[in-house]
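Novice: Please see the structure below; I have some questions.
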Amino acid sequence: MQAPINIALVGNPNSGKSSLFNALTGLNQKVSNFPGVTVDKKTGTANIVSGLSANIIDLPGTYSLYPKSADEYVTYDVLINPANEDTPDLVIIVADASNLKRNLLFCSQIIDLKFPVIIALTMMDIARKKGVEIDIDGLERELGVPVVAINPRKNKGVTELKKIIELAARGNYSAAPRDFINNAALAEAVIDDVKKAVPACSDYGALHVAVNTDELTFLDAGQKKAIRDSLQRNQFNKTKVQAEEIMQRYNRIKHIMKASVVEADPLQKQLRSEKIDDLLLHRFWGYVILLVVMFLLFQSIFWLASYPMDAIEAGFGKLSGWLTTVLPDNKITDVFVNGILAGISGFAVFIPQIMILFGLITVLEDTGYMARISFLTDRLMRQVGLNGKSVMPLISGVACAVPAIMATRTIENKKERLITILVTPLMSCSARLPIYTMMIALVIPDRRILGFLGLQGLVMMGLYLLGFFMAILIAAVMKLFVRIKEKSYFIMELPVYRAPRWKNVGTTMVEKAKIFVTDAGKVIVVISVILWFLASYGPAGRMEPLHAKYEKMIAAVPEGSPEADALDREFRSEKLSHSYAGILGHAIEPAIRPLGFDWKIGIALITSFAAREVFVGTMATLYSVGENPDDNNATLREKMASAKWPDGRPVYTLAAGLSLMLFYAFAMQCMSTMAIVKRETKSWKIPFIQLVYMTSLAYACSLIAFNIFK
């Protein structure tokens with residue numbers, strides 16, 4: 001059996017590269033980081049034919065072989081650096097047939113690196129709708145490499161592509177015999193000198209070594225000195241050479257397009273996508289439609305999820321009550337029912353909302369609307385020191401801040417990238433969703449405004465918009481303090497509108513639910529068990545007198561009487577207050593009481609630094625440990641609704657609920673986010689700044705809200 005070959009998938013953004021990667025690899029995928037950089041590395045294995053398999057490497061999308069961002073540099077290094085562990089045996093260039101002229105620039109550059117190349121043409125159906133007809137055989141002859149039309153979303157052309165891969169692996173196809181343009185003539189003396197220093201280079205590879213000598217890590221000191229001497233001796237002007245190269249390539253591409261492509265009359269009526277854009281990107285109606293879409297999204301989260309959530313919540317309540325009656329009354333039962341089961345119920349109830357949120361976000365991405373949001377908000381972004389590319393990380397932050405911060409790598413401007421990293425955690429991520437849902441259900445009445453607008457959905461949408469506008473406001477302030485001067489431009493291709501791939505939507509919903517259960521769930525259950533211990537035990541000097549006091553009082557009243565039940569509730573409440581958790585909570589209560597928070601909320605604020613979702617699990621555990629076993633049938637919302645201060649006032653009033661939601665909307669309650677910010681910025685200074693400013697902002701906003709509404 002032949003050893004697996006390395007195949008690199010390259011192409012422009014939005015060319016269908018990820019769809020082809022999924023079609024070739026199926027479920028045999030993994031995501032890691034490229035060595036030495038924090039850029040996602042998607043790899044997978046594919047069975048090409050019997051006896052031949054391939055390692056598929058999905059490289060970040062780029063428009064040309066001159067990198068401008070961290071993502072693009074990764075692609076560049078894999079293709080230029082002969083020492084890179086991912087150096088491919090074969091390159092598949094995924095090219096958008098509906099934008100062939102632009103895609104051919106990158107194709108021609110890869111061809112001139114002298115890799116065996118296959119060009120996979122996608123979007124052929126869209127090209128035909130545009131009136132574009134491509135002579136594939138003619139295109140093959142002009143380029144000197146095999147070309148195959150594919151539709152990976154429908155698995156069309158993939159079998160033919162595999163046959164060509166097999167022929168290439170057997171040696172039937174090699175690198176193109178002739179250069180796309182006369183690269184050697186661009187800087188003949190310099191290219192000759194570079195090829196002497198780096199013998200394995202093609203003419204075009206040698207040109208890139210000359211252009212980027214200082215940045216290339218695979219060159220040793222001697223090679224760099226020899227190349228620098230040649231550059232100086234021959235007065236090499238890299239800007240002039242690059243401009244001449246691009247001009248020559250486009251001249252040749254123009255000839256190829258004329259010979260192999262029939263394009264529609266430019267006066268042909270606009271495509272459906274362009275007509276839709278006239279409305280969705282309108283200076284006024286575009287923003288109105290965006291607000292309507294956001295409103296429907298958050299209304300749907302409540303409307304669609306309410307039924308499964310109520311069923312899950314009621315089910316756990318009945319299960320806890322039933323287990324309390326059938327299991328023996330001992331510590332094992334106590335830790336299982338009030339620790340483990342309470343912790344599981346604390347996060348399981350929110351699985352439907354997490355799935356619905358990610359499902360709807362996937363629909364927006366699949367249809368192509370998500371990219372339009374970047375264009376709509378670019379003007380606003382520029383006013384606060386950002387640009388349209390900052391919007392995608394901010395929108396991604398609605399799901400999770402960790403991948404959102406990693407997505408800032410596509411922002412070339414250092415100042416804009418740093419400010420985007422600083423403000424992205426202000427976006428309300430899915431980890432905040434359980435807290436918002438719990439508090440909205442507790443303090444916001446379920447009523448309609450104007451007969452059809454749900455008040456709870458409006459409050460939820462308001463919290464998400466508040467996070468966005470606060471991020472904009474803080475970015476405007478950061479713009480004044482971040483002293484980096486660098487111009488930036490926002491260029492982004494708008495994908496065509498498509499119907500969502502419902503299989504992809506369903507897969508995403510299931511995968512995100514699994515991640516929530518396995519990642520957040522493990523943390524919540526572990527912390528719930530620890531909290532059960534801290535809430536069940538306390539210092540002997542406090543607990544022993546308390547036990548002795550209530551044993552005498554309970555012994556003095558008839559067993560099972562109302563007086564005995566009242567004493568038992570009072571004993572459990574005092575026991576919880578004197579436990580290790582109670583002592584810690586009471587110690588921090590003076591600092592948080594001005595916000596309307598009691599000591600139990602204080603404990604949750606501390607534990608949720610591990611993950612914001614832990615808040616609900618913490619409350620579930622604390623209220624389970626402190627309750628009479630007969631109350632285990634009650635849901636967490638019912639227990640929290642009946643919570644009282646010592647003077648009899650309810651804990652969860654409108655003022656306290658709004659204060660708590662605002663605190664979680666703005667506080668940096670996430671260790672994972674701090675860790676990823678440190679990794680992306682290579683400094684603890686930035687996450688420390690985030691922790692200080694976000695905590696201060698959260699405290700101030702909560703304090704103001706509580707005092708206004710109390």
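Here's how to read the names in the structure tokens: chain A, B, ... by the order shown, residue numbers from 1 in each chain, ligand numbers from 1 in the order shown.
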Counting only C-alpha atoms, what are the residues of segment 83-104 of chain A within 12 Å of segment 142-145 of chain A, and for each of them which pair of atoms is the nearest and at what distance in Å, to one decimal? Sort the table by chain and rising number, as a tab-separated table.

Specialist:
```
residue	atom	partner	partner_atom	distance
A:Leu90	CA	A:Val145	CA	11.8
A:Val91	CA	A:Val145	CA	11.0
A:Ile92	CA	A:Val145	CA	10.7
A:Ile93	CA	A:Val145	CA	10.7
A:Leu104	CA	A:Leu143	CA	9.6
```

Novice: At a cut-off of 9 Å, using only C-alpha atoms, what residues contact segment 502-510 of chain A? Leave out same-chain residues fewer than 4 positions from it and give the result as a ChimeraX atom specification.

Specialist: /A:354-363,366,514-515

Novice: Run DSSP on the backbone and grab whatever in segment 101-345 of chain A lands in helix (DSSP H, G or I); send it over as a ChimeraX atom specification.

Specialist: /A:101-111,124-129,136-143,152-154,158-169,183-186,188-197,203-211,221-233,238-260,272-280,285-326,331-345

Novice: Which residues, written as a list in words, have at least one atom at most 9 Å from segment 178-181 of chain A, with only C-alpha atoms counted and residues fewer than 3 positions away on the same chain left out?

Specialist: Ser108, Gln109, Ile111, Asp112, Leu113, Lys114, Leu143, Gly144, Ala175, Ala184, Asp203, Tyr204, Glu245, Gln248, Arg249 and Arg252 of chain A

Novice: Just the selected residues (N, CA, C and O atoms), exported as a PDB file, in the first residue's frame, please.

Specialist:
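Contents of selection22.pdb, as written:
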```pdb
ATOM      1  N   SER A 108      -2.377  31.085 -10.934  1.00  0.00           N
ATOM      2  CA  SER A 108      -1.153  31.216 -11.735  1.00  0.00           C
ATOM      3  C   SER A 108       0.088  31.273 -10.857  1.00  0.00           C
ATOM      4  O   SER A 108       1.151  30.757 -11.216  1.00  0.00           O
ATOM      5  N   GLN A 109      -0.021  31.893  -9.685  1.00  0.00           N
ATOM      6  CA  GLN A 109       1.122  31.982  -8.776  1.00  0.00           C
ATOM      7  C   GLN A 109       1.494  30.601  -8.232  1.00  0.00           C
ATOM      8  O   GLN A 109       2.680  30.259  -8.135  1.00  0.00           O
ATOM      9  N   ILE A 111       0.846  27.685  -9.667  1.00  0.00           N
ATOM     10  CA  ILE A 111       1.383  26.909 -10.797  1.00  0.00           C
ATOM     11  C   ILE A 111       2.869  27.189 -10.971  1.00  0.00           C
ATOM     12  O   ILE A 111       3.675  26.274 -11.197  1.00  0.00           O
ATOM     13  N   ASP A 112       3.266  28.466 -10.830  1.00  0.00           N
ATOM     14  CA  ASP A 112       4.668  28.837 -11.039  1.00  0.00           C
ATOM     15  C   ASP A 112       5.589  28.423  -9.899  1.00  0.00           C
ATOM     16  O   ASP A 112       6.809  28.518 -10.020  1.00  0.00           O
ATOM     17  N   LEU A 113       5.017  27.950  -8.778  1.00  0.00           N
ATOM     18  CA  LEU A 113       5.858  27.394  -7.706  1.00  0.00           C
ATOM     19  C   LEU A 113       6.303  25.970  -8.031  1.00  0.00           C
ATOM     20  O   LEU A 113       7.079  25.371  -7.291  1.00  0.00           O
ATOM     21  N   LYS A 114       5.764  25.422  -9.125  1.00  0.00           N
ATOM     22  CA  LYS A 114       6.160  24.100  -9.635  1.00  0.00           C
ATOM     23  C   LYS A 114       5.729  22.935  -8.742  1.00  0.00           C
ATOM     24  O   LYS A 114       6.441  21.939  -8.612  1.00  0.00           O
ATOM     25  N   LEU A 143      -3.582  26.552 -19.186  1.00  0.00           N
ATOM     26  CA  LEU A 143      -2.899  26.567 -17.890  1.00  0.00           C
ATOM     27  C   LEU A 143      -1.843  25.474 -17.774  1.00  0.00           C
ATOM     28  O   LEU A 143      -0.905  25.587 -16.973  1.00  0.00           O
ATOM     29  N   GLY A 144      -2.004  24.394 -18.500  1.00  0.00           N
ATOM     30  CA  GLY A 144      -1.044  23.299 -18.429  1.00  0.00           C
ATOM     31  C   GLY A 144      -1.219  22.400 -17.236  1.00  0.00           C
ATOM     32  O   GLY A 144      -0.315  21.639 -16.874  1.00  0.00           O
ATOM     33  N   ALA A 175       4.387  18.850 -12.247  1.00  0.00           N
ATOM     34  CA  ALA A 175       4.276  20.308 -12.295  1.00  0.00           C
ATOM     35  C   ALA A 175       4.150  20.778 -13.741  1.00  0.00           C
ATOM     36  O   ALA A 175       4.633  20.124 -14.674  1.00  0.00           O
ATOM     37  N   ALA A 184      11.694  34.608 -14.710  1.00  0.00           N
ATOM     38  CA  ALA A 184      13.138  34.863 -14.684  1.00  0.00           C
ATOM     39  C   ALA A 184      13.462  36.259 -15.199  1.00  0.00           C
ATOM     40  O   ALA A 184      14.395  36.911 -14.714  1.00  0.00           O
ATOM     41  N   ASP A 203      11.982  29.443 -10.382  1.00  0.00           N
ATOM     42  CA  ASP A 203      12.230  30.867 -10.650  1.00  0.00           C
ATOM     43  C   ASP A 203      11.302  31.751  -9.825  1.00  0.00           C
ATOM     44  O   ASP A 203      11.721  32.749  -9.247  1.00  0.00           O
ATOM     45  N   TYR A 204      10.023  31.357  -9.777  1.00  0.00           N
ATOM     46  CA  TYR A 204       9.062  32.189  -9.043  1.00  0.00           C
ATOM     47  C   TYR A 204       9.281  32.070  -7.535  1.00  0.00           C
ATOM     48  O   TYR A 204       9.147  33.055  -6.800  1.00  0.00           O
ATOM     49  N   GLU A 245       4.989  41.994 -12.040  1.00  0.00           N
ATOM     50  CA  GLU A 245       4.517  40.605 -12.049  1.00  0.00           C
ATOM     51  C   GLU A 245       2.998  40.538 -12.163  1.00  0.00           C
ATOM     52  O   GLU A 245       2.450  39.796 -13.000  1.00  0.00           O
ATOM     53  N   GLN A 248       1.733  41.497 -15.631  1.00  0.00           N
ATOM     54  CA  GLN A 248       1.959  40.435 -16.624  1.00  0.00           C
ATOM     55  C   GLN A 248       0.965  39.287 -16.438  1.00  0.00           C
ATOM     56  O   GLN A 248       0.473  38.705 -17.414  1.00  0.00           O
ATOM     57  N   ARG A 249       0.709  38.949 -15.191  1.00  0.00           N
ATOM     58  CA  ARG A 249      -0.228  37.846 -14.932  1.00  0.00           C
ATOM     59  C   ARG A 249      -1.626  38.205 -15.432  1.00  0.00           C
ATOM     60  O   ARG A 249      -2.302  37.385 -16.067  1.00  0.00           O
ATOM     61  N   ARG A 252      -1.901  37.952 -19.194  1.00  0.00           N
ATOM     62  CA  ARG A 252      -2.045  36.557 -19.643  1.00  0.00           C
ATOM     63  C   ARG A 252      -3.437  36.018 -19.297  1.00  0.00           C
ATOM     64  O   ARG A 252      -4.051  35.289 -20.080  1.00  0.00           O
TER      65      ARG A 252
END
```

Novice: Just how far from atom CA of Gly368 of chain A is atom CA of Tyr497 of chain A, in Å to one decimal?

Specialist: 5.2 Å

Novice: Set out as JSON lines a contact list for segment 367-449 of chain A and segment 474-482 of chain A with a cut-off of 10 Å, giving each residue of segment 367-449 of chain A that qualifies its closest atom pair and distance in Å to one decimal, counting only C-alpha atoms, ordered by chain and rising residue number.

Specialist:
```
{"residue": "A:Met381", "atom": "CA", "partner": "A:Ala475", "partner_atom": "CA", "distance": 8.9}
{"residue": "A:Arg382", "atom": "CA", "partner": "A:Ala476", "partner_atom": "CA", "distance": 9.5}
{"residue": "A:Gln383", "atom": "CA", "partner": "A:Ala476", "partner_atom": "CA", "distance": 7.5}
{"residue": "A:Val384", "atom": "CA", "partner": "A:Ala476", "partner_atom": "CA", "distance": 4.2}
{"residue": "A:Gly385", "atom": "CA", "partner": "A:Lys479", "partner_atom": "CA", "distance": 5.4}
{"residue": "A:Leu386", "atom": "CA", "partner": "A:Ala475", "partner_atom": "CA", "distance": 7.7}
{"residue": "A:Lys414", "atom": "CA", "partner": "A:Val482", "partner_atom": "CA", "distance": 9.9}
{"residue": "A:Lys415", "atom": "CA", "partner": "A:Val482", "partner_atom": "CA", "distance": 6.7}
{"residue": "A:Glu416", "atom": "CA", "partner": "A:Lys479", "partner_atom": "CA", "distance": 8.6}
{"residue": "A:Leu418", "atom": "CA", "partner": "A:Val482", "partner_atom": "CA", "distance": 8.4}
{"residue": "A:Ile419", "atom": "CA", "partner": "A:Ala475", "partner_atom": "CA", "distance": 6.1}
{"residue": "A:Thr420", "atom": "CA", "partner": "A:Ala475", "partner_atom": "CA", "distance": 7.5}
{"residue": "A:Ile421", "atom": "CA", "partner": "A:Ala475", "partner_atom": "CA", "distance": 9.9}
{"residue": "A:Leu422", "atom": "CA", "partner": "A:Ala475", "partner_atom": "CA", "distance": 8.0}
{"residue": "A:Val423", "atom": "CA", "partner": "A:Ala475", "partner_atom": "CA", "distance": 6.5}
{"residue": "A:Thr424", "atom": "CA", "partner": "A:Ala475", "partner_atom": "CA", "distance": 9.7}
{"residue": "A:Leu426", "atom": "CA", "partner": "A:Ile474", "partner_atom": "CA", "distance": 9.3}
```

Novice: Write to file, as a compact mmCIF listing (two decimals), in the first residue's frame, the residues of the selection just made, with all heavy atoms.

Specialist:
```txt
# COMPACT_ATOMS: atom_id res chain seq x y z
N MET A 381 -18.17 51.15 12.45
CA MET A 381 -16.92 50.63 12.99
C MET A 381 -15.78 51.63 12.81
O MET A 381 -14.95 51.81 13.70
CB MET A 381 -16.55 49.31 12.30
CG MET A 381 -17.48 48.15 12.54
SD MET A 381 -17.40 47.51 14.23
CE MET A 381 -18.93 48.15 14.86
N ARG A 382 -15.73 52.28 11.65
CA ARG A 382 -14.62 53.20 11.37
C ARG A 382 -14.66 54.42 12.28
O ARG A 382 -13.62 55.00 12.57
CB ARG A 382 -14.65 53.64 9.90
CG ARG A 382 -14.30 52.51 8.96
CD ARG A 382 -13.86 52.98 7.60
NE ARG A 382 -13.32 51.85 6.85
CZ ARG A 382 -12.08 51.40 6.99
NH1 ARG A 382 -11.27 51.98 7.83
NH2 ARG A 382 -11.67 50.36 6.29
N GLN A 383 -15.84 54.80 12.72
CA GLN A 383 -15.95 55.96 13.61
C GLN A 383 -15.31 55.70 14.97
O GLN A 383 -14.95 56.64 15.68
CB GLN A 383 -17.43 56.32 13.81
CG GLN A 383 -18.16 56.70 12.54
CD GLN A 383 -17.56 57.90 11.85
OE1 GLN A 383 -17.23 58.89 12.48
NE2 GLN A 383 -17.41 57.82 10.53
N VAL A 384 -15.18 54.43 15.34
CA VAL A 384 -14.65 54.09 16.67
C VAL A 384 -13.30 53.39 16.60
O VAL A 384 -12.86 52.73 17.55
CB VAL A 384 -15.66 53.21 17.46
CG1 VAL A 384 -16.94 53.98 17.68
CG2 VAL A 384 -15.94 51.90 16.73
N GLY A 385 -12.61 53.51 15.46
CA GLY A 385 -11.26 52.95 15.36
C GLY A 385 -11.19 51.52 14.90
O GLY A 385 -10.15 50.88 15.03
N LEU A 386 -12.29 50.99 14.35
CA LEU A 386 -12.29 49.62 13.86
C LEU A 386 -12.62 49.65 12.36
O LEU A 386 -12.65 50.70 11.75
CB LEU A 386 -13.33 48.79 14.62
CG LEU A 386 -13.19 48.76 16.14
CD1 LEU A 386 -14.36 48.01 16.76
CD2 LEU A 386 -11.88 48.11 16.55
N LYS A 414 -2.82 46.42 13.15
CA LYS A 414 -2.50 46.00 14.52
C LYS A 414 -3.37 46.71 15.55
O LYS A 414 -3.82 46.12 16.52
CB LYS A 414 -1.03 46.26 14.82
CG LYS A 414 -0.07 45.38 14.03
CD LYS A 414 1.38 45.71 14.36
CE LYS A 414 2.34 44.85 13.52
NZ LYS A 414 3.75 45.18 13.80
N LYS A 415 -3.60 48.01 15.34
CA LYS A 415 -4.41 48.78 16.29
C LYS A 415 -5.85 48.27 16.30
O LYS A 415 -6.43 48.06 17.36
CB LYS A 415 -4.38 50.27 15.91
CG LYS A 415 -5.23 51.16 16.82
CD LYS A 415 -5.06 52.62 16.47
CE LYS A 415 -5.88 53.51 17.39
NZ LYS A 415 -5.65 54.94 17.13
N GLU A 416 -6.42 48.07 15.10
CA GLU A 416 -7.80 47.60 15.01
C GLU A 416 -7.93 46.19 15.59
O GLU A 416 -8.94 45.87 16.23
CB GLU A 416 -8.26 47.64 13.56
CG GLU A 416 -8.42 49.06 13.03
CD GLU A 416 -8.63 49.12 11.54
OE1 GLU A 416 -8.57 48.05 10.88
OE2 GLU A 416 -8.86 50.22 11.01
N LEU A 418 -6.05 44.87 18.02
CA LEU A 418 -5.93 44.95 19.48
C LEU A 418 -7.21 45.47 20.11
O LEU A 418 -7.69 44.93 21.11
CB LEU A 418 -4.74 45.84 19.85
CG LEU A 418 -4.48 46.02 21.36
CD1 LEU A 418 -4.25 44.67 22.03
CD2 LEU A 418 -3.29 46.95 21.57
N ILE A 419 -7.79 46.52 19.52
CA ILE A 419 -9.03 47.07 20.07
C ILE A 419 -10.16 46.05 19.96
O ILE A 419 -10.96 45.89 20.89
CB ILE A 419 -9.41 48.39 19.34
CG1 ILE A 419 -8.37 49.48 19.62
CG2 ILE A 419 -10.79 48.87 19.78
CD1 ILE A 419 -8.60 50.76 18.87
N THR A 420 -10.21 45.33 18.84
CA THR A 420 -11.24 44.29 18.68
C THR A 420 -11.10 43.22 19.75
O THR A 420 -12.10 42.77 20.32
CB THR A 420 -11.15 43.66 17.28
OG1 THR A 420 -11.20 44.68 16.28
CG2 THR A 420 -12.29 42.68 17.05
N ILE A 421 -9.87 42.80 20.05
CA ILE A 421 -9.64 41.81 21.10
C ILE A 421 -10.11 42.35 22.45
O ILE A 421 -10.72 41.64 23.25
CB ILE A 421 -8.14 41.42 21.16
CG1 ILE A 421 -7.77 40.57 19.94
CG2 ILE A 421 -7.81 40.68 22.45
CD1 ILE A 421 -6.28 40.28 19.82
N LEU A 422 -9.84 43.63 22.71
CA LEU A 422 -10.18 44.23 24.00
C LEU A 422 -11.69 44.30 24.23
O LEU A 422 -12.16 44.18 25.37
CB LEU A 422 -9.57 45.63 24.09
CG LEU A 422 -8.07 45.69 24.42
CD1 LEU A 422 -7.52 47.08 24.14
CD2 LEU A 422 -7.82 45.31 25.88
N VAL A 423 -12.46 44.50 23.16
CA VAL A 423 -13.90 44.72 23.34
C VAL A 423 -14.76 43.50 23.01
O VAL A 423 -15.93 43.46 23.40
CB VAL A 423 -14.39 45.92 22.49
CG1 VAL A 423 -13.63 47.19 22.88
CG2 VAL A 423 -14.29 45.66 21.00
N THR A 424 -14.21 42.50 22.34
CA THR A 424 -15.02 41.34 21.95
C THR A 424 -15.69 40.64 23.14
O THR A 424 -16.85 40.22 23.04
CB THR A 424 -14.15 40.33 21.15
OG1 THR A 424 -13.80 40.92 19.90
CG2 THR A 424 -14.91 39.04 20.88
N LEU A 426 -17.17 41.80 25.52
CA LEU A 426 -18.38 42.50 25.92
C LEU A 426 -19.61 41.99 25.18
O LEU A 426 -20.74 42.22 25.62
CB LEU A 426 -18.23 44.01 25.67
CG LEU A 426 -17.27 44.75 26.61
CD1 LEU A 426 -17.01 46.15 26.10
CD2 LEU A 426 -17.83 44.79 28.03
```

Novice: Determine the nearest neighbour of Gln669 of chain A from the options A:Val651, A:Val194, A:Leu59, A:Ile606, counting only C-alpha atoms.

Specialist: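 Going through A:Val651, A:Val194, A:Leu59, A:Ile606 one by one, the smallest distance to Gln669 of chain A is for A:Ile606.
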
Novice: Write out as a list in words which residues come within 7 Å of Glu613 of chain A when counting only C-alpha atoms, dropping same-chain ones fewer than 4 positions away.

Specialist: Ala431, Arg432, Pro434, Ala520 and Ser608 of chain A

Novice: Hey, which of A:Val132, A:Val94, A:Ala705, A:Ala342 ends up closest to Val262 of chain A? Count only C-alpha atoms.

Specialist: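 Residue with the minimum atom-to-atom distance to Val262 of chain A: A:Val132.
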
Novice: Hey, can you check how far atom CA of Met470 of chain A sits from atom CA of Thr695 of chain A?

Specialist: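 Straight-line distance from atom CA of Met470 of chain A to atom CA of Thr695 of chain A works out to 13.7 Å.
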
Novice: Have a look at A:Tyr369, A:Thr377, A:Ala665, A:Lys575 and name the one nearest to Tyr464 of chain A; count only C-alpha atoms.

Specialist: A:Ala665

Novice: Under the rule that only C-alpha atoms are counted, which of A:Leu105, A:Asn151, A:Arg228, A:Ile289 is the nearest residue to Asn251 of chain A?

Specialist: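 Closest residue, counting only C-alpha atoms: A:Leu105.
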
Novice: Near Val402 of chain A, within 7 Å and counting only C-alpha atoms, which residues show up once chain neighbours fewer than 2 positions away are dropped, as a list of chain:residue names?

Specialist: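 Everything that qualifies: A:Cys400, A:Ala404, A:Ile405, A:Met406, A:Thr673, A:Ile676.
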
Novice: So what do you get for atom CA of Ala348 of chain A versus atom CA of Pro308 of chain A, distance-wise?

Specialist: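 For atom CA of Ala348 of chain A relative to atom CA of Pro308 of chain A, the distance reads 10.6 Å.
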
Novice: According to DSSP computed on the backbone, where in segment 388-530 of chain A is there strand (DSSP E)? Give the residues as a PyMOL selection string.

Specialist: chain A and resi 448-449+453-454

Novice: What are the closest atom pairs, with distances in Å to one decimal, for each residue of segment 151-211 of chain A lying within 10 Å of segment 81-87 of chain A, using only C-alpha atoms, rows by chain and rising residue number, as a Markdown table?

Specialist:
```
| residue | atom | partner | partner_atom | distance |
| --- | --- | --- | --- | --- |
| A:Ala200 | CA | A:Pro82 | CA | 8.2 |
| A:Cys201 | CA | A:Pro82 | CA | 8.9 |
| A:Gly205 | CA | A:Asn81 | CA | 9.5 |
| A:Val209 | CA | A:Asn81 | CA | 9.5 |
```

Novice: Rank A:Leu584, A:Ala54, A:Asp568, A:Gly467 by their smallest atom-to-atom distance to Ala604 of chain A, using only C-alpha atoms, and report the top residue only.

Specialist: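 Closest to Ala604 of chain A of all the choices is A:Leu584.
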
Novice: I want to know what sits within 12 Å of Asn22 of chain A, based on only C-alpha atoms, with residues of the same chain fewer than 5 positions away left out; could you give that as a list of chain:residue names?

Specialist: A:Leu9, A:Gly16, A:Lys17, A:Leu27, A:Asn28, A:Gln29, A:Lys30, A:Lys42, A:Thr43, A:Gly44, A:Thr45, A:Ala46, A:Ile56, A:Ile57, A:Asp58, A:Asn151, A:Pro152, A:Arg153, A:Lys154, A:Asn155, A:Val158, A:Asn504

Novice: Would you kindly return, as a VMD selection string, each protein, DNA or RNA residue with an atom no farther than 12 Å from any atom of Trp645 of chain A, considering only C-alpha atoms and excluding same-chain residues fewer than 3 positions away?

Specialist: chain A and resid 573 593 596 to 600 640 to 642 648 to 653

Novice: Could those selected residues go to a file with C-alpha atoms, as a tab-separated table (two decimals), in the first residue's frame?

Specialist:
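As written to disk, again-v2.tsv reads:
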```tsv
chain	number	residue	atom	x	y	z
A	573	SER	CA	-30.88	27.54	56.69
A	593	ARG	CA	-24.86	43.99	48.73
A	596	GLY	CA	-28.69	43.88	45.44
A	597	PHE	CA	-26.82	40.56	45.69
A	598	ASP	CA	-26.93	38.20	48.66
A	599	TRP	CA	-24.13	35.88	49.73
A	600	LYS	CA	-25.37	32.98	47.57
A	640	MET	CA	-35.11	31.29	43.72
A	641	ALA	CA	-38.46	33.09	43.45
A	642	SER	CA	-39.20	32.22	47.09
A	648	GLY	CA	-38.50	38.91	54.67
A	649	ARG	CA	-37.93	40.94	51.49
A	650	PRO	CA	-37.61	38.91	48.26
A	651	VAL	CA	-34.03	38.57	46.98
A	652	TYR	CA	-34.88	38.51	43.29
A	653	THR	CA	-36.71	41.77	42.65
```
